[in-house]
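> Please find upload-v2.pdb (PDB, C-alpha atoms) on the next line:
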ATOM      1  CA  MET A   1     -22.827  10.806  -4.184
ATOM      2  CA  ASP A   2     -19.249  11.766  -5.064
ATOM      3  CA  ARG A   3     -17.425   8.729  -3.656
ATOM      4  CA  SER A   4     -13.978  10.263  -4.244
ATOM      5  CA  ARG A   5     -14.631  12.821  -1.523
ATOM      6  CA  PHE A   6     -14.267  12.430   2.213
ATOM      7  CA  ARG A   7     -17.394  13.922   3.750
ATOM      8  CA  LEU A   8     -17.322  14.614   7.474
ATOM      9  CA  PRO A   9     -20.881  14.142   8.736
ATOM     10  CA  PHE A  10     -22.983  16.735  10.525
ATOM     11  CA  VAL A  11     -22.446  15.061  13.885
ATOM     12  CA  LEU A  12     -18.710  15.708  13.515
ATOM     13  CA  LEU A  13     -19.261  19.378  12.745
ATOM     14  CA  ALA A  14     -21.466  19.656  15.813
ATOM     15  CA  ALA A  15     -18.786  18.018  17.960
ATOM     16  CA  LEU A  16     -16.169  20.382  16.581
ATOM     17  CA  ALA A  17     -18.335  23.378  17.342
ATOM     18  CA  VAL A  18     -18.659  22.196  20.953
ATOM     19  CA  LEU A  19     -14.902  21.619  21.162
ATOM     20  CA  ALA A  20     -14.039  24.925  19.476
ATOM     21  CA  GLY A  21     -11.812  22.768  20.736
ATOM     22  CA  CYS A  22      -6.575  -8.404   5.723
ATOM     23  CA  THR A  23      -7.803  -7.131   9.442
ATOM     24  CA  LYS A  24      -5.558  -8.657  12.008
ATOM     25  CA  GLU A  25      -3.683  -6.901  14.740
ATOM     26  CA  GLU A  26      -1.311  -9.792  15.195
ATOM     27  CA  THR A  27       1.185 -10.863  12.569
ATOM     28  CA  VAL A  28       2.274 -14.461  12.376
ATOM     29  CA  GLU A  29       5.457 -15.268  10.533
ATOM     30  CA  PRO A  30       5.685 -18.724   8.962
ATOM     31  CA  THR A  31       7.483 -21.332  11.015
ATOM     32  CA  PRO A  32      10.417 -22.724   9.068
ATOM     33  CA  GLN A  33       9.746 -26.303   8.035
ATOM     34  CA  ASP A  34      13.332 -27.090   7.128
ATOM     35  CA  SER A  35      16.806 -26.292   8.387
ATOM     36  CA  GLY A  36      17.933 -24.484   5.253
ATOM     37  CA  PRO A  37      18.344 -20.737   4.762
ATOM     38  CA  ARG A  38      15.278 -18.550   4.347
ATOM     39  CA  LEU A  39      14.310 -15.769   1.957
ATOM     40  CA  ILE A  40      12.851 -12.974   4.098
ATOM     41  CA  LEU A  41      11.361  -9.683   2.867
ATOM     42  CA  LYS A  42      10.510  -6.778   5.177
ATOM     43  CA  PHE A  43       8.937  -3.399   4.473
ATOM     44  CA  LYS A  44      10.441  -0.011   5.245
ATOM     45  CA  PHE A  45       8.309   3.142   4.855
ATOM     46  CA  ASP A  46      10.428   6.131   3.810
ATOM     47  CA  SER A  47       8.977   9.635   3.516
ATOM     48  CA  THR A  48      12.317  10.997   2.211
ATOM     49  CA  GLN A  49      12.729   8.521  -0.664
ATOM     50  CA  VAL A  50      12.382   9.968  -4.164
ATOM     51  CA  ARG A  51       8.764  10.538  -5.275
ATOM     52  CA  LEU A  52       8.008   8.773  -8.569
ATOM     53  CA  ASN A  53       5.180   8.716 -11.106
ATOM     54  CA  ASN A  54       3.712   5.670 -12.850
ATOM     55  CA  LEU A  55       6.705   5.500 -15.221
ATOM     56  CA  GLY A  56       9.200   5.497 -12.367
ATOM     57  CA  GLN A  57      10.321   9.092 -13.016
ATOM     58  CA  PRO A  58      10.766  11.732 -10.270
ATOM     59  CA  VAL A  59       7.736  13.983 -10.030
ATOM     60  CA  ALA A  60       6.648  16.924  -7.914
ATOM     61  CA  VAL A  61       3.156  17.569  -6.566
ATOM     62  CA  PRO A  62       1.295  19.302  -9.422
ATOM     63  CA  PRO A  63      -0.094  22.829  -9.099
ATOM     64  CA  GLY A  64      -3.532  22.904  -7.547
ATOM     65  CA  HIS A  65      -2.859  19.797  -5.482
ATOM     66  CA  GLY A  66      -1.846  19.311  -1.867
ATOM     67  CA  ALA A  67      -0.011  16.296  -0.471
ATOM     68  CA  GLN A  68       1.380  14.851   2.731
ATOM     69  CA  SER A  69       3.518  11.894   3.765
ATOM     70  CA  PRO A  70       1.286   9.631   5.865
ATOM     71  CA  VAL A  71       2.468   7.599   8.855
ATOM     72  CA  PHE A  72       2.096   3.937   7.980
ATOM     73  CA  ASN A  73       0.674   1.394  10.394
ATOM     74  CA  ARG A  74       0.366  -1.761   8.275
ATOM     75  CA  MET A  75       0.739  -3.036   4.711
ATOM     76  CA  SER A  76      -0.188  -6.218   2.831
ATOM     77  CA  ALA A  77       1.271  -7.661  -0.351
ATOM     78  CA  HIS A  78      -0.365 -10.062  -2.777
ATOM     79  CA  TYR A  79       2.451 -11.173  -5.087
ATOM     80  CA  VAL A  80       6.256 -11.136  -5.128
ATOM     81  CA  GLU A  81       8.406 -11.791  -8.196
ATOM     82  CA  PHE A  82      12.137 -11.528  -8.860
ATOM     83  CA  ALA A  83      13.035 -10.502 -12.438
ATOM     84  CA  PRO A  84      16.492 -11.151 -13.908
ATOM     85  CA  THR A  85      16.429  -8.318 -16.481
ATOM     86  CA  ALA A  86      14.487  -5.269 -17.600
ATOM     87  CA  THR A  87      12.960  -7.267 -20.451
ATOM     88  CA  THR A  88      11.594 -10.054 -18.234
ATOM     89  CA  LEU A  89       7.847  -9.860 -18.669
ATOM     90  CA  LEU A  90       5.536  -9.858 -15.681
ATOM     91  CA  GLY A  91       5.005 -13.489 -14.665
ATOM     92  CA  ASP A  92       8.118 -14.749 -16.436
ATOM     93  CA  GLY A  93      10.402 -14.121 -13.471
ATOM     94  CA  GLU A  94      10.676 -16.130 -10.264
ATOM     95  CA  VAL A  95       7.404 -15.915  -8.316
ATOM     96  CA  VAL A  96       8.116 -16.714  -4.664
ATOM     97  CA  TYR A  97       4.861 -15.597  -3.048
ATOM     98  CA  MET A  98       1.167 -15.407  -3.934
ATOM     99  CA  ALA A  99      -1.488 -14.515  -1.374
ATOM    100  CA  PRO A 100      -4.736 -16.523  -1.260
ATOM    101  CA  GLU A 101      -7.465 -15.626  -3.749
ATOM    102  CA  THR A 102     -11.181 -16.372  -3.751
ATOM    103  CA  THR A 103     -14.344 -16.137  -5.871
ATOM    104  CA  LEU A 104     -16.685 -15.642  -2.898
ATOM    105  CA  GLY A 105     -17.665 -12.230  -4.257
ATOM    106  CA  GLY A 106     -18.273 -13.522  -7.777
ATOM    107  CA  ALA A 107     -15.016 -12.623  -9.542
ATOM    108  CA  LEU A 108     -11.481 -13.703  -8.758
ATOM    109  CA  ALA A 109     -10.183 -11.507  -5.945
ATOM    110  CA  ILE A 110      -7.528 -11.274  -3.246
ATOM    111  CA  ASP A 111      -8.881 -12.812  -0.034
ATOM    112  CA  HIS A 112      -8.249 -10.037   2.477
ATOM    113  CA  ASP A 113      -9.234 -12.254   5.417
ATOM    114  CA  LEU A 114      -6.216 -14.462   4.715
ATOM    115  CA  CYS A 115      -3.721 -11.694   3.913
ATOM    116  CA  LEU A 116      -0.847 -10.969   6.252
ATOM    117  CA  GLU A 117      -0.737  -7.346   7.449
ATOM    118  CA  VAL A 118       2.661  -6.236   8.702
ATOM    119  CA  ALA A 119       4.230  -3.155  10.249
ATOM    120  CA  GLU A 120       7.613  -1.769   9.282
ATOM    121  CA  GLY A 121      10.392  -4.265   9.903
ATOM    122  CA  GLU A 122       8.106  -7.315  10.099
ATOM    123  CA  ALA A 123       8.434 -10.101   7.534
ATOM    124  CA  PHE A 124       5.731 -10.261   4.886
ATOM    125  CA  VAL A 125       7.537 -13.068   3.064
ATOM    126  CA  ASN A 126       9.420 -15.865   4.836
ATOM    127  CA  VAL A 127       9.996 -18.863   2.556
ATOM    128  CA  PRO A 128      12.814 -21.330   1.923
ATOM    129  CA  LEU A 129      15.571 -19.685  -0.097
ATOM    130  CA  SER A 130      15.407 -22.768  -2.325
ATOM    131  CA  ASP A 131      12.094 -21.352  -3.660
ATOM    132  CA  LEU A 132      14.208 -18.817  -5.575
ATOM    133  CA  SER A 133      16.186 -20.447  -8.387
ATOM    134  CA  PRO A 134      19.919 -19.762  -8.577
ATOM    135  CA  GLY A 135      20.650 -16.747 -10.734
ATOM    136  CA  THR A 136      21.129 -12.992 -10.730
ATOM    137  CA  TYR A 137      18.118 -10.722 -10.279
ATOM    138  CA  GLN A 138      18.139  -7.011 -11.052
ATOM    139  CA  TRP A 139      14.486  -6.217 -10.314
ATOM    140  CA  LEU A 140      11.820  -6.914  -7.722
ATOM    141  CA  ARG A 141       8.066  -6.739  -8.308
ATOM    142  CA  VAL A 142       5.657  -6.536  -5.380
ATOM    143  CA  SER A 143       1.908  -6.372  -5.843
ATOM    144  CA  LEU A 144       0.668  -4.309  -2.894
ATOM    145  CA  SER A 145      -2.877  -5.018  -1.756
ATOM    146  CA  TYR A 146      -3.733  -3.041   1.396
ATOM    147  CA  GLN A 147      -2.393  -0.074   3.318
ATOM    148  CA  ASN A 148      -3.351   1.452   6.656
ATOM    149  CA  TYR A 149      -1.938   4.824   7.688
ATOM    150  CA  ASP A 150      -2.564   8.005   9.644
ATOM    151  CA  ILE A 151      -3.027  11.440   8.082
ATOM    152  CA  LYS A 152      -3.584  14.998   9.275
ATOM    153  CA  LEU A 153      -6.541  17.187   8.314
ATOM    154  CA  GLN A 154      -8.435  20.233   9.452
ATOM    155  CA  ALA A 155     -12.116  21.070   9.926
ATOM    156  CA  VAL A 156     -13.566  24.474  10.849
ATOM    157  CA  GLY A 157     -10.049  25.541  11.763
ATOM    158  CA  ILE A 158      -9.410  22.641  14.155
ATOM    159  CA  PRO A 159      -6.458  20.277  13.494
ATOM    160  CA  LEU A 160      -7.422  16.589  13.472
ATOM    161  CA  GLU A 161      -5.888  13.210  12.788
ATOM    162  CA  ALA A 162      -7.488  10.278  10.995
ATOM    163  CA  THR A 163      -6.705   6.731   9.945
ATOM    164  CA  LEU A 164      -7.149   5.722   6.326
ATOM    165  CA  ALA A 165      -7.470   2.090   5.227
ATOM    166  CA  SER A 166      -7.276   1.551   1.476
ATOM    167  CA  PHE A 167      -7.356  -1.492  -0.762
ATOM    168  CA  ILE A 168      -4.986  -1.059  -3.691
ATOM    169  CA  GLY A 169      -4.906  -4.561  -5.171
ATOM    170  CA  TYR A 170      -6.646  -5.345  -8.479
ATOM    171  CA  ASN A 171      -9.770  -6.687  -6.735
ATOM    172  CA  THR A 172     -10.259  -7.687  -3.094
ATOM    173  CA  TYR A 173     -12.902  -9.759  -1.346
ATOM    174  CA  ILE A 174     -13.507  -8.222   2.078
ATOM    175  CA  SER A 175     -15.712  -9.662   4.800
ATOM    176  CA  SER A 176     -14.810  -6.974   7.346
ATOM    177  CA  PHE A 177     -11.778  -4.957   8.403
ATOM    178  CA  LEU A 178     -10.596  -2.704  11.198
ATOM    179  CA  VAL A 179      -9.750   0.902  10.327
ATOM    180  CA  LYS A 180      -8.546   2.218  13.699
ATOM    181  CA  ASP A 181     -11.144   1.515  16.385
ATOM    182  CA  SER A 182     -14.104   0.849  14.084
ATOM    183  CA  THR A 183     -14.864  -2.243  12.025
ATOM    184  CA  VAL A 184     -16.323  -1.962   8.529
ATOM    185  CA  THR A 185     -18.374  -4.882   7.187
ATOM    186  CA  VAL A 186     -18.407  -5.381   3.412
ATOM    187  CA  ASN A 187     -18.936  -9.068   2.446
ATOM    188  CA  ASP A 188     -18.227  -8.293  -1.194
ATOM    189  CA  ASP A 189     -15.538  -7.602  -3.781
ATOM    190  CA  LYS A 190     -14.004  -4.134  -4.025
ATOM    191  CA  LEU A 191     -11.915  -2.909  -6.936
ATOM    192  CA  GLN A 192      -8.627  -1.071  -6.556
ATOM    193  CA  GLY A 193      -9.010   2.200  -4.655
ATOM    194  CA  PHE A 194     -11.702   1.340  -2.090
ATOM    195  CA  TRP A 195     -11.066   3.209   1.159
ATOM    196  CA  ALA A 196     -12.405   3.802   4.656
ATOM    197  CA  PHE A 197     -11.714   6.902   6.736
ATOM    198  CA  GLU A 198     -11.962   7.264  10.529
ATOM    199  CA  VAL A 199     -11.327  10.531  12.393
ATOM    200  CA  HIS A 200      -9.596  10.090  15.769
ATOM    201  CA  ASP A 201     -11.148  11.014  19.114
ATOM    202  CA  ILE A 202     -14.521  12.092  17.740
ATOM    203  CA  ALA A 203     -17.623   9.902  17.640
ATOM    204  CA  ASN A 204     -18.642   9.918  13.996
ATOM    205  CA  PRO A 205     -19.357   7.209  11.429
ATOM    206  CA  VAL A 206     -16.571   5.772   9.296
ATOM    207  CA  GLU A 207     -16.718   7.144   5.763
ATOM    208  CA  THR A 208     -16.051   4.887   2.755
ATOM    209  CA  GLY A 209     -15.476   5.614  -0.908
ATOM    210  CA  GLN A 210     -13.473   4.945  -4.047
ATOM    211  CA  ALA A 211     -10.234   6.742  -4.923
ATOM    212  CA  THR A 212      -9.895   8.291  -8.358
ATOM    213  CA  GLY A 213      -6.224   7.398  -8.725
ATOM    214  CA  ILE A 214      -3.559   4.988  -7.512
ATOM    215  CA  THR A 215       0.031   5.656  -8.596
ATOM    216  CA  VAL A 216       1.944   2.431  -9.321
ATOM    217  CA  PRO A 217       5.593   3.177 -10.247
ATOM    218  CA  ASN A 218       7.014   0.922 -12.939
ATOM    219  CA  PRO A 219      10.329   2.105 -14.416
ATOM    220  CA  LEU A 220      10.176  -0.893 -16.803
ATOM    221  CA  ASN A 221       6.950   0.221 -18.447
ATOM    222  CA  ALA A 222       8.524   0.275 -21.934
ATOM    223  CA  THR A 223       9.876  -3.283 -21.721
ATOM    224  CA  SER A 224       7.710  -4.975 -19.081
ATOM    225  CA  PRO A 225       4.341  -3.262 -18.561
ATOM    226  CA  ILE A 226       1.861  -4.152 -15.830
ATOM    227  CA  PRO A 227      -1.908  -4.607 -16.251
ATOM    228  CA  ALA A 228      -4.116  -1.591 -15.715
ATOM    229  CA  GLY A 229      -5.777  -1.647 -12.305
ATOM    230  CA  SER A 230      -3.044  -3.711 -10.677
ATOM    231  CA  CYS A 231      -0.639  -2.481  -8.012
ATOM    232  CA  VAL A 232       2.530  -4.271  -9.082
ATOM    233  CA  VAL A 233       5.248  -1.849  -8.007
ATOM    234  CA  THR A 234       8.645  -2.429  -9.647
ATOM    235  CA  GLY A 235      12.007  -1.497  -8.173
ATOM    236  CA  GLY A 236      15.622  -2.177  -9.066
ATOM    237  CA  PHE A 237      18.249  -3.588  -6.709
ATOM    238  CA  PRO A 238      21.083  -1.043  -6.284
ATOM    239  CA  VAL A 239      23.347  -4.103  -6.346
ATOM    240  CA  PRO A 240      21.793  -7.089  -8.182
ATOM    241  CA  LEU A 241      20.857 -10.065  -6.020
ATOM    242  CA  THR A 242      22.801 -13.205  -6.850
ATOM    243  CA  VAL A 243      21.679 -16.584  -5.545
ATOM    244  CA  THR A 244      24.100 -19.490  -5.994
ATOM    245  CA  GLY A 245      22.117 -22.276  -4.362
ATOM    246  CA  ASN A 246      24.961 -22.847  -1.906
ATOM    247  CA  GLU A 247      23.949 -20.237   0.678
ATOM    248  CA  THR A 248      24.049 -21.238   4.335
ATOM    249  CA  ALA A 249      22.572 -18.029   5.813
ATOM    250  CA  ASP A 250      19.205 -16.340   5.373
ATOM    251  CA  VAL A 251      18.841 -13.727   2.645
ATOM    252  CA  VAL A 252      17.014 -10.714   4.087
ATOM    253  CA  ILE A 253      15.724  -8.006   1.748
ATOM    254  CA  GLU A 254      14.521  -4.615   2.919
ATOM    255  CA  VAL A 255      11.774  -3.393   0.586
ATOM    256  CA  SER A 256      11.800   0.375   1.018
ATOM    257  CA  LEU A 257       8.570   2.032  -0.134
ATOM    258  CA  SER A 258       8.433   5.741  -0.872
ATOM    259  CA  THR A 259       5.656   7.404   1.129
ATOM    260  CA  ASN A 260       6.895  10.829   0.010
ATOM    261  CA  LYS A 261       3.693  12.916  -0.296
ATOM    262  CA  SER A 262       1.823   9.755  -1.308
ATOM    263  CA  PHE A 263      -1.530  11.061  -0.005
ATOM    264  CA  GLU A 264      -2.647  13.730  -2.495
ATOM    265  CA  TRP A 265      -5.754  15.915  -2.807
ATOM    266  CA  THR A 266      -7.146  18.897  -4.695
ATOM    267  CA  GLU A 267      -5.946  21.981  -2.828
ATOM    268  CA  LEU A 268      -8.450  24.852  -2.968
ATOM    269  CA  ASP A 269      -6.931  27.586  -0.800
ATOM    270  CA  GLY A 270      -3.193  27.008  -1.177
ATOM    271  CA  ASP A 271      -2.391  26.183   2.452
ATOM    272  CA  ASN A 272      -1.495  22.514   1.809
ATOM    273  CA  VAL A 273      -3.832  21.427   4.618
ATOM    274  CA  PHE A 274      -6.349  18.700   3.825
ATOM    275  CA  GLU A 275      -9.815  20.170   4.472
ATOM    276  CA  PRO A 276     -12.457  17.735   3.192
ATOM    277  CA  ILE A 277     -15.458  19.647   4.561
ATOM    278  CA  ASN A 278     -14.334  22.607   2.427
ATOM    279  CA  GLY A 279     -14.589  20.509  -0.724
ATOM    280  CA  GLU A 280     -11.025  19.248  -1.060
ATOM    281  CA  THR A 281     -11.082  15.772  -2.610
ATOM    282  CA  VAL A 282      -8.596  12.904  -2.670
ATOM    283  CA  VAL A 283      -6.962  12.314  -6.051
ATOM    284  CA  ASP A 284      -4.228   9.764  -5.293
ATOM    285  CA  MET A 285      -3.102   7.424  -2.525
ATOM    286  CA  GLY A 286      -0.502   5.268  -4.270
ATOM    287  CA  ILE A 287       2.999   4.314  -3.148
ATOM    288  CA  ARG A 288       5.647   6.510  -4.800
ATOM    289  CA  GLY A 289       8.480   4.100  -5.468
ATOM    290  CA  MET A 290      10.295   0.983  -4.257
ATOM    291  CA  ILE A 291      13.946   0.197  -3.590
ATOM    292  CA  PRO A 292      14.864  -3.377  -2.554
ATOM    293  CA  THR A 293      18.181  -3.814  -0.756
ATOM    294  CA  VAL A 294      19.869  -6.982   0.465
ATOM    295  CA  GLN A 295      20.706  -6.574   4.148
TER     296      GLN A 295
END
Please re-express this file's structure in structure tokens.


Amino acid sequence: MDRSRFRLPFVLLAALAVLAGCTKEETVEPTPQDSGPRLILKFKFDSTQVRLNNLGQPVAVPPGHGAQSPVFNRMSAHYVEFAPTATTLLGDGEVVYMAPETTLGGALAIDHDLCLEVAEGEAFVNVPLSDLSPGTYQWLRVSLSYQNYDIKLQAVGIPLEATLASFIGYNTYISSFLVKDSTVTVNDDKLQGFWAFEVHDIANPVETGQATGITVPNPLNATSPIPAGSCVVTGGFPVPLTVTGNETADVVIEVSLSTNKSFEWTELDGDNVFEPINGETVVDMGIRGMIPTVQ
């Protein structure tokens, strides 16, 4: 079976003919254990932000492909690091957050059951500011691990909506997870690119598969590369972050992720409408850039 392709089952086609017409809903922010200032990071999902390739360069959708900007519901991150300079190698900066990992599936993997899923504007990191050493930081690295968003598609001429859940970390142990209304049970490790796909308002099974590509922008590729198969997105502060160690107020950072045409497929008839039952296949579902800004 071609696992890179969303296949809408026969029961869905029959329903259409008749019509001719880390999973956790709650998010819990850490309770401060001290009276000092906090370091807080929150996601923003921006469909108008510049669309980048793996090298952090602006890129258009290639000929023969279609793309859309999905509507994000939730995101998880696995790792957060502040880098002073463009030559700071991955791991040599200030690591302020690391999500739980496990070997339940055999290999070392992100433990999705213990990951925090957040919507836009909710904190995915909330730690004492003292966890970040005094200094000036020009770059932020965030290893993204899970994304859940809504997309549009069409089948036999009928417009539909669907929810896509995809695991974009290096390797993730998943017991089960909620897509939209349906729960998928895995109890195993899944490498980067595993997805599940649920069409709204139609009773049909959830489809699962493996993406062929995940874009991970890293404008520091020449001086600070990331491992293949990881999802460590790198972004520069428009104004470098300086921490003195004498702060009395929280430092809040908005981590703006580019969702600009981040869901991409092979486009067979030139209408830029995702039509999986016509043979159009997903080729990429990676984030298209990151800009961290101190609020």

> Between CA of Leu114 (chain A) and CA of Leu132 (chain A), what distance in Å does the model show, to one decimal?

23.3 Å

> Quick one: residues within 12 Å of Ala107 (chain A), all atoms listed in the file, excluding same-chain residues fewer than 5 positions away - as JSON, numbers by chain?

{"A": [101, 102, 170, 171, 172, 173, 188, 189, 190, 191]}

> Nearest to Pro292 (chain A): which of A:Ser258, A:Asn221, A:Gln192, A:Gln154 is it, counting all atoms listed in the file?

A:Ser258

> List the residues matched by the PyMOL selection byres ((chain A and resi 71) around 6) in the displayed structure as a PyMOL selection string, ordered by chain and then by residue number.

chain A and resi 70+72+149-150

> Provide the CA of Pro225 (chain A) to CA of His78 (chain A) distance in Å, to one decimal place.

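Computing it gives 17.8 Å between the two atoms.
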
> Could you build a table of the residues in region 163-253 of chain A lying no more than 8 Å from region 87-100 of chain A, giving for each the nearest pair of atoms and their separation in Å rounded to one decimal place, using all atoms listed in the file, ordered by chain and ascending residue number, as CSV?


residue,atom,partner,partner_atom,distance
A:Leu220,CA,A:Thr87,CA,7.9
A:Thr223,CA,A:Thr87,CA,5.2
A:Ser224,CA,A:Leu89,CA,4.9
A:Pro225,CA,A:Leu90,CA,7.3
A:Ile226,CA,A:Leu90,CA,6.8

> Just say which residues the PyMOL selection byres ((chain A and resi 194-196) around 6) picks in this file, as a ChimeraX atom specification.

/A:164-167,192-193,197,207-210

> Between A:Glu275, A:Pro240, A:Gly106, A:Asn73, which one has atoms that come closest to Pro159 (chain A), using all atoms listed in the file?

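Checking each candidate against Pro159 (chain A), we get A:Glu275 as the closest.
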
> For region 284-288 of chain A, work out the shell of residues within 9 Å, counting only C-alpha atoms and skipping chain neighbours fewer than 5 positions away, then give it as a PDB file with C-alpha atoms, keeping the file's coordinate frame.


ATOM      1  CA  GLN A  49      12.729   8.521  -0.664  1.00  0.00           C
ATOM      2  CA  VAL A  50      12.382   9.968  -4.164  1.00  0.00           C
ATOM      3  CA  ARG A  51       8.764  10.538  -5.275  1.00  0.00           C
ATOM      4  CA  LEU A  52       8.008   8.773  -8.569  1.00  0.00           C
ATOM      5  CA  ASN A  53       5.180   8.716 -11.106  1.00  0.00           C
ATOM      6  CA  ASN A  54       3.712   5.670 -12.850  1.00  0.00           C
ATOM      7  CA  GLY A  56       9.200   5.497 -12.367  1.00  0.00           C
ATOM      8  CA  LEU A 144       0.668  -4.309  -2.894  1.00  0.00           C
ATOM      9  CA  SER A 166      -7.276   1.551   1.476  1.00  0.00           C
ATOM     10  CA  ILE A 168      -4.986  -1.059  -3.691  1.00  0.00           C
ATOM     11  CA  GLY A 193      -9.010   2.200  -4.655  1.00  0.00           C
ATOM     12  CA  ALA A 211     -10.234   6.742  -4.923  1.00  0.00           C
ATOM     13  CA  THR A 212      -9.895   8.291  -8.358  1.00  0.00           C
ATOM     14  CA  GLY A 213      -6.224   7.398  -8.725  1.00  0.00           C
ATOM     15  CA  ILE A 214      -3.559   4.988  -7.512  1.00  0.00           C
ATOM     16  CA  THR A 215       0.031   5.656  -8.596  1.00  0.00           C
ATOM     17  CA  VAL A 216       1.944   2.431  -9.321  1.00  0.00           C
ATOM     18  CA  PRO A 217       5.593   3.177 -10.247  1.00  0.00           C
ATOM     19  CA  CYS A 231      -0.639  -2.481  -8.012  1.00  0.00           C
ATOM     20  CA  VAL A 233       5.248  -1.849  -8.007  1.00  0.00           C
ATOM     21  CA  LEU A 257       8.570   2.032  -0.134  1.00  0.00           C
ATOM     22  CA  SER A 258       8.433   5.741  -0.872  1.00  0.00           C
ATOM     23  CA  THR A 259       5.656   7.404   1.129  1.00  0.00           C
ATOM     24  CA  ASN A 260       6.895  10.829   0.010  1.00  0.00           C
ATOM     25  CA  LYS A 261       3.693  12.916  -0.296  1.00  0.00           C
ATOM     26  CA  SER A 262       1.823   9.755  -1.308  1.00  0.00           C
ATOM     27  CA  PHE A 263      -1.530  11.061  -0.005  1.00  0.00           C
ATOM     28  CA  GLU A 264      -2.647  13.730  -2.495  1.00  0.00           C
ATOM     29  CA  TRP A 265      -5.754  15.915  -2.807  1.00  0.00           C
TER      30      TRP A 265
END

> I need the residue nearest Asn126 (chain A) from this list: A:Leu41, A:Leu153, A:Val283, A:Thr293. Use only C-alpha atoms for the distance.

A:Leu41

> With only C-alpha atoms as the counted atoms, please give the residues lying no more than 10 Å from Val255 (chain A), apart from itself and same-chain residues fewer than 3 positions off, as an MDAnalysis selection string.

chainID A and resid 41:45 120:121 140 142 235 237 252 258 290:294

> So which one's closest to Trp139 (chain A), A:Gly236, A:Ala119, A:Ile158, A:Ile110? Using all atoms listed in the file, please.

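Under the stated criterion, the closest residue is A:Gly236.
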
> Please measure the separation of CA of Ile40 (chain A) and CA of Pro219 (chain A), giving the value in Å to one decimal.

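Distance reported for this atom pair: 24.0 Å.
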
> Applied to this file, what does the PyMOL selection byres ((chain A and resi 247) around 10) return in terms of residues, put as a PyMOL selection string?

chain A and resi 36-38+129-130+243-246+248-251

> Taking all atoms listed in the file into account, name the residue in A:Gly64, A:Pro227, A:Leu160, A:Val232 that is nearest to Thr281 (chain A).

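Closest to Thr281 (chain A) of all the choices is A:Gly64.
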
> Can you tell me which residues surround Thr136 (chain A) at a distance of at most 6 Å, considering all atoms listed in the file, apart from same-chain residues fewer than 3 positions away, and format the answer as number ranges by chain?

A: 84, 241-242

> Find the residues around Thr266 (chain A) up to 9 Å (all atoms listed in the file counted), leave out those fewer than 4 positions away in its own chain, and share them as a ChimeraX atom specification.

/A:64-67,274,279-283
